[in-house]
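The structure appears right after this line, and notes come after that.
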Amino acid sequence: MATTTELKLSPPLQSIKTQKPISNTNFFHFLSDELIFIILDFLNSNPTDRKSFSLVCKSFYSIESKHRRTLTPLRSDHLPSILTRYTSLTRLDLTLCPRVTDSSLITISNACKSNLQSIDLSRSKYFSGAGLQSLAVNCKNMVEIDLSNATELKDSAAAALAEAKNLERLWLGRCKQITDMGVGCIAVGCRKLKLISLKWCLGVDDLGVELLALKCKDLRSLDLSYLPITDKCLPSIFELPYLEDLVLEGCFGIDDDSLAAFKHGCKSLKKLDISSCQNISHNGLASLTSGGVLEQLVLSHGSPVTLALADSLKRLTMLHSIKLDGCSITYAGLQAIGSWCMSLRDLSLSKCPGVTDDGLSSLLTKHKDLRKLDITCCRKITYASIDHITVSCTALTSLRMESCTLVPREAFVLIGQRCGLLEEIDITDNEIDDEGLKSISRCSELTSLKLGICLNITDEGVSQVGMGCSKLVELDLYRCTGITDSGISAVARGCPGLEMINIAYCKDITDSSLISLSKCSSLNTVESRGCPLITSLGLAAIAVGCKQLVKLDIKKCINIDDAGMIPLAHFSQNLRQINLSYTSVTDVGLLSLASISCLQSLTILHLKGLTASGLAAALLACGGLTKVKLQATFKSLVPQALFEHFEARGCLFQWRDKFFRAELDPQCWKLQLEDAIP
Amino acid sequence: MSTPAENEASIKQESGPSGTVQDKPKKIVVRTGDGEVFELKEEVAMEMETIKTFFMEDNISYETVMPLTNVDSWELVKVIEYCSKYVELKNKENFHKELKAFQDEFVKSMSPKTLLSLSNVANYLEIKYFLDFICQAIADHIKSKDVEYVRELFGVENDFTEEEYEMAKTEAPWAHENLDKDLY
């Protein structure tokens, strides 16, 4: 057996024995392609690394070409050359190409043939059944295709798709022109379907769904949200032998009687979503209990959670996750949930009117194994609830409590003291102060921390977070006006893996913060709206240090000008979304951004230095734009023909008529918001 | 996951003729390409699929010296060092933490060329976790470096002509992977 393994190495290696390893020979020639593939597998985080690798020499170039399995092209017109170079592609993600025609699809199908397994067309338009047919016929191993948002596709396109015999996963969300006929064709042709989403396909009702259920017996996952279906199709759905995941969000035609069919079937269902089904009450839910294996239930925006409803669910012994967002809840309901025999892992009471301290504590007596708890906007709970939660549920990994306005600052200290395993905390719009934040900094596993509109915290607390939470990936300090450079620097130093930061309207932030943040090389999202002290100097530091930058919002940073755009244009080759409204950028700066080839979304309201001709030039040069938000005044200043050209290229324009608004101070803004809530 | 052959082999050894007792650690002897002979502890040697297969598949007695012609002695020393530490830490509580600390020390002074040789050896001896570790270390060397640096690092020459290079560079505006769709 030793002999076959020796054959793995190519002959030249024998000579390595006699050579010292430190000489200047080409070592990569001694490595098999297989080994280099493994090295390339580890080189996945930044696309420019692979680019550098491929440009080293011809053999590296060809190895990289053979290695690549998934590709996300930036322009559909480059497809022919890309496909000649990359011959082993299994997955093609075309979400950056707003315009994909039938001829592009035909090119793809002829180039990739049986290698292609998965294709994503959810952001593309201009193709039809002809292109889909070519894919279905030539790409025999295609198992997955995302056609969400293809609003122009008709039944004939569905019929063409039906020739993809090996299709397992199909998304048709929002394909509103597809009717029962089209779905019927797919049902008959794609017998191996395991997942199908027909969300918002308003042309499909009972007939189409029934056909699917009858023909595609392998279905595991079915999304029928917002379809006008009634109880006619449910019996056949419930008879699917392997169905695990069923989404019936917003299906107004379904009521309590419809669910009765559940009793005779559906032994495999693990996840059920009946949110926004106003016609289902506890009577309907009682039918579910004969299922037995249900693990996750979504009842958001549905009937009030009363004692009757909670009782109807108590025999679902496998249930570990329940979402009750927006449902009104009674004390009796909460108490009943607290007397279930099964122990929940995941509970959401987000925006549920009626959640009180007493109700919550009676619930928590039972559910001590909670990992995720969402009590967003539960405005009646106080210190007592936080005390109970932290004492009972020490294994919590996620706590969301945005806007729990009655919770006093002292309560937040308990969170860090008792729930050390927390990974995600959302305390947006709460009274937390530095003491609370210092306590939270003990949660060393923390990856996401949202402190937006927390007006009582200062650098003191935030610095502690920087020191204690080294795994932090996401930090939201939106409108935390007490934060200055020293807090941000501490975070930048202590959290090297930071990917997302929001310091919008933290008025005292200067370039010094940005320079510190530039050391976080994984940063991909920077939101620093309304920071008037930031200049192009700080922006340049970010551009140079954070090469993975994808989203940048510098709205109302009035001191950022064209000088900041140049380094962005040069270094931020991954930038896809930028908001420059109210800055001092002019035509020149905007035009320089054209060298960022993947720039897709541009928001440029109130740029005083922008002229009609500058705008036109920039739009023409940025070939990949799909969304531009700008002033309505430009509509008439730029030739209509030009706009038509951009739209044909796949770019959408959003016009705004906003007047320049002076910034409100945080307290005033906050009072306004509270007034708006009933 | 032991095969019937392996089971048989271990039974044979446990009731060996000289009454070799279970408590004495078994040794496996190998000879490297440059003629050095090494004695490996059985548990460490069995981490290497190649050695494991050699002895287990044909029930070869541990007395046989296995030839590892494609491995140099300095390479084997490093491999043994890593595998011994891995086996030692495997069942400990702080496995990941301590392994990480060890890994950082291990690669600290290694040149890319050393890493490349070791990757070959790891592949030949079929030690998956060691191979992944070494390849990750090589990838880390390449990360965020420009083309010239990578060339020099691995002693590779540029065989593109000017034209070919320019063409390859601007060929297709670079495509990206791992999109975060939620950004929109």
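Chain identifiers are assigned as A, B, and so on, following the order in which chains appear in the structure tokens; residues are numbered from 1 within each chain, and ligands are numbered from 1 in order of appearance.
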* To do: Determine which residues of region 35-106 of chain A receive a DSSP assignment of strand (DSSP E or B), computed from the backbone, and state them as a list of chain:residue names.
  =>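 So the strand (DSSP E or B) residues in region 35-106 of chain A would be A:Thr70, A:Leu71, A:Arg91, A:Leu92, A:Asp93, A:Arg99.
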* To do: Residues of chain B near chain A: apply a cut-off of 6 Å, count only C-alpha atoms, and supply the list as a list of chain:residue names.
  => B:Phe54, B:Cys135, B:Gln136, B:Ala139, B:Lys143, B:Ser144, B:Asp146, B:Val147, B:Arg151, B:Gly155, B:Val156, B:Asn158, B:Asp159, B:Ala175, B:His176, B:Glu177
* **Spatial neighbours of region 104-117 of chain B, max dist 7 Å, only C-alpha atoms, sep filter under 2 positions, as a ChimeraX atom specification** => /A:21-22 /B:100-102,119-121,134,138,153-154
* Asked: Between A:Leu132, A:Leu437, A:Val544, A:Leu399, which has the minimum distance to Gln417 (chain A) (counting only C-alpha atoms)?
  -> A:Leu437
* Asked: So which residues of region 194-339 of chain A fall under helix (DSSP H, G or I) by DSSP, listed as a PyMOL selection string?
  -> chain A and resi 206-215+234-238+256-264+282-290+307-312+331-338
* What is the CA of Asp511 (chain A)-CA of Asp476 (chain A) distance in Å, reported with one decimal? -> 18.5 Å
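As for CA of Thr32 (chain B) and CA of Asp140 (chain B), they are spaced 29.3 Å apart.
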* Work out how far CA of His301 (chain A) is from CA of Cys454 (chain A), in Å to one decimal. =>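 Pair CA of Cys454 (chain A) / CA of His301 (chain A) returns 28.2 Å.
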* All residues 6 Å or closer to Trp171 (chain A), only C-alpha atoms, same chain fewer than 4 positions away omitted, as an NGL selection string -> :A and (146-148 or 196-197)
With all heavy atoms retained, write the just-selected residues as an mmCIF file, in the first residue's frame.
data_model
loop_
_atom_site.group_PDB
_atom_site.id
_atom_site.type_symbol
_atom_site.label_atom_id
_atom_site.label_comp_id
_atom_site.auth_asym_id
_atom_site.auth_seq_id
_atom_site.Cartn_x
_atom_site.Cartn_y
_atom_site.Cartn_z
ATOM 1 N N ASP A 146 -32.333 30.302 -8.667
ATOM 2 C CA ASP A 146 -33.089 31.340 -7.965
ATOM 3 C C ASP A 146 -33.631 32.325 -8.988
ATOM 4 O O ASP A 146 -32.882 33.085 -9.594
ATOM 5 C CB ASP A 146 -32.175 32.050 -6.954
ATOM 6 C CG ASP A 146 -32.974 32.935 -6.011
ATOM 7 O OD1 ASP A 146 -34.094 33.330 -6.365
ATOM 8 O OD2 ASP A 146 -32.478 33.238 -4.908
ATOM 9 N N LEU A 147 -34.962 32.285 -9.186
ATOM 10 C CA LEU A 147 -35.594 33.179 -10.150
ATOM 11 C C LEU A 147 -36.510 34.175 -9.447
ATOM 12 O O LEU A 147 -37.453 34.698 -10.044
ATOM 13 C CB LEU A 147 -36.427 32.353 -11.147
ATOM 14 C CG LEU A 147 -35.630 31.441 -12.065
ATOM 15 C CD1 LEU A 147 -36.555 30.477 -12.798
ATOM 16 C CD2 LEU A 147 -34.853 32.264 -13.077
ATOM 17 N N SER A 148 -36.224 34.444 -8.158
ATOM 18 C CA SER A 148 -37.055 35.407 -7.431
ATOM 19 C C SER A 148 -37.033 36.731 -8.159
ATOM 20 O O SER A 148 -36.029 37.113 -8.759
ATOM 21 C CB SER A 148 -36.503 35.628 -6.021
ATOM 22 O OG SER A 148 -36.349 34.417 -5.356
ATOM 23 N N ILE A 196 -39.303 24.546 -2.786
ATOM 24 C CA ILE A 196 -39.852 25.510 -3.731
ATOM 25 C C ILE A 196 -40.481 26.675 -2.981
ATOM 26 O O ILE A 196 -41.186 26.482 -1.995
ATOM 27 C CB ILE A 196 -40.847 24.866 -4.729
ATOM 28 C CG1 ILE A 196 -41.349 25.923 -5.719
ATOM 29 C CG2 ILE A 196 -42.002 24.194 -4.010
ATOM 30 C CD1 ILE A 196 -42.012 25.355 -6.951
ATOM 31 N N SER A 197 -40.176 27.880 -3.458
ATOM 32 C CA SER A 197 -40.767 29.071 -2.867
ATOM 33 C C SER A 197 -41.638 29.766 -3.884
ATOM 34 O O SER A 197 -41.165 30.145 -4.959
ATOM 35 C CB SER A 197 -39.664 30.024 -2.379
ATOM 36 O OG SER A 197 -40.245 31.252 -1.999
#
